[in-house]
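Participant: Below are the structure tokens for one structure; questions will follow.
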Amino acid sequence: MKLKKLAALVCGMAVTCSSMVAFATVPTEKIGVGHITPGMRVADLLATAGQPEDKIGDNWYYINYKVEVDKKDLPNIVNEVSSRNPTLGSTGGVKIGQEAAVLNMAYGKADKVQKLGNIEEYDYFNHDYTRKMTFTVLNGVIVQIECEVID
């Protein structure tokens with residue numbers, strides 16, 4: 001009987017400790033800029049956004065954002081999308097120009113925060129770490145959103 005109690009105590013402590021190390025874990029469908037998401041097919045990108053204004057190497061430039069299509073590793077997939085345009089936001093509803101405090105309300109505590117002077121980068125990952133969303137913040141205001149496939 002004591003062995004069962006000990007096993008139950010150990011399991012309970014393991015669950016308690018694991019819940020203390022929680023991270024944001026953003027749903028994959030909320031990682032994107034506007035209607036463009038990393039991992040989407042290039043055919044879907046073209047159907048949604050049309051032809052880019054310019055193509056330089058793997059980078060496709062649209063009026064409101066930049067898309068990277070890695071022709072070597074993932075030739076038919078959007079690898080990365082980023083924007084600095086205040087009319088766009090993340091697919092989770094956070095917009096460029098908002099204060100950084102909205103990130104905690106929308107996504108929870110960031111998985112990783114890097115600071116360099118008055119610039120901060122807040123990184124959020126999906127559940128299996130195949131997608132990442134980074135918010136660049138300058139003086140407390142979101143100035144860029146970047147979303148990518150992690151390969």
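Ligands are numbered from 1 in the order shown, chains are lettered A, B, ... in the order of the structure tokens, and residues start at 1 in each chain.
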Which residues are close to segment 34-51 of chain A, i.e. within 6 Å by only C-alpha atoms, leaving aside same-chain residues fewer than 6 positions away? Reply as a list in words.

Facilitator: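 Everything that qualifies: Asn76, Ile77, Val78, Asn79, Glu80, Leu88, Gly89, Ser90, Thr91, Glu148 and Val149 of chain A.
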
Participant: Let's see if you can do this: from backbone DSSP, list all strand (DSSP E) residues in segment 12-146 of chain A, as a ChimeraX atom specification.

Facilitator: /A:54-56,59-61,66-68,80-83,112-116,119-125,131-138,141-146

Participant: Which is closest to Ala106 of chain A among A:Trp60, A:Gln144, A:Val94, A:Thr136, if we use only C-alpha atoms?

Facilitator: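 Between A:Trp60, A:Gln144, A:Val94, A:Thr136, the residue approaching Ala106 of chain A most closely is A:Val94.
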
Participant: Quick one: residues within 10 Å of Val102 of chain A, only C-alpha atoms counted, chain neighbours fewer than 5 positions away excluded, as a count of residues only?

Facilitator: 7

Participant: Which residue gives the smallest distance to Lys30 of chain A among A:Asn126, A:Asn118, A:Gln98, A:Thr134, with only C-alpha atoms counted?

Facilitator: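 Using only C-alpha atoms, the shortest distance to Lys30 of chain A belongs to A:Asn126.
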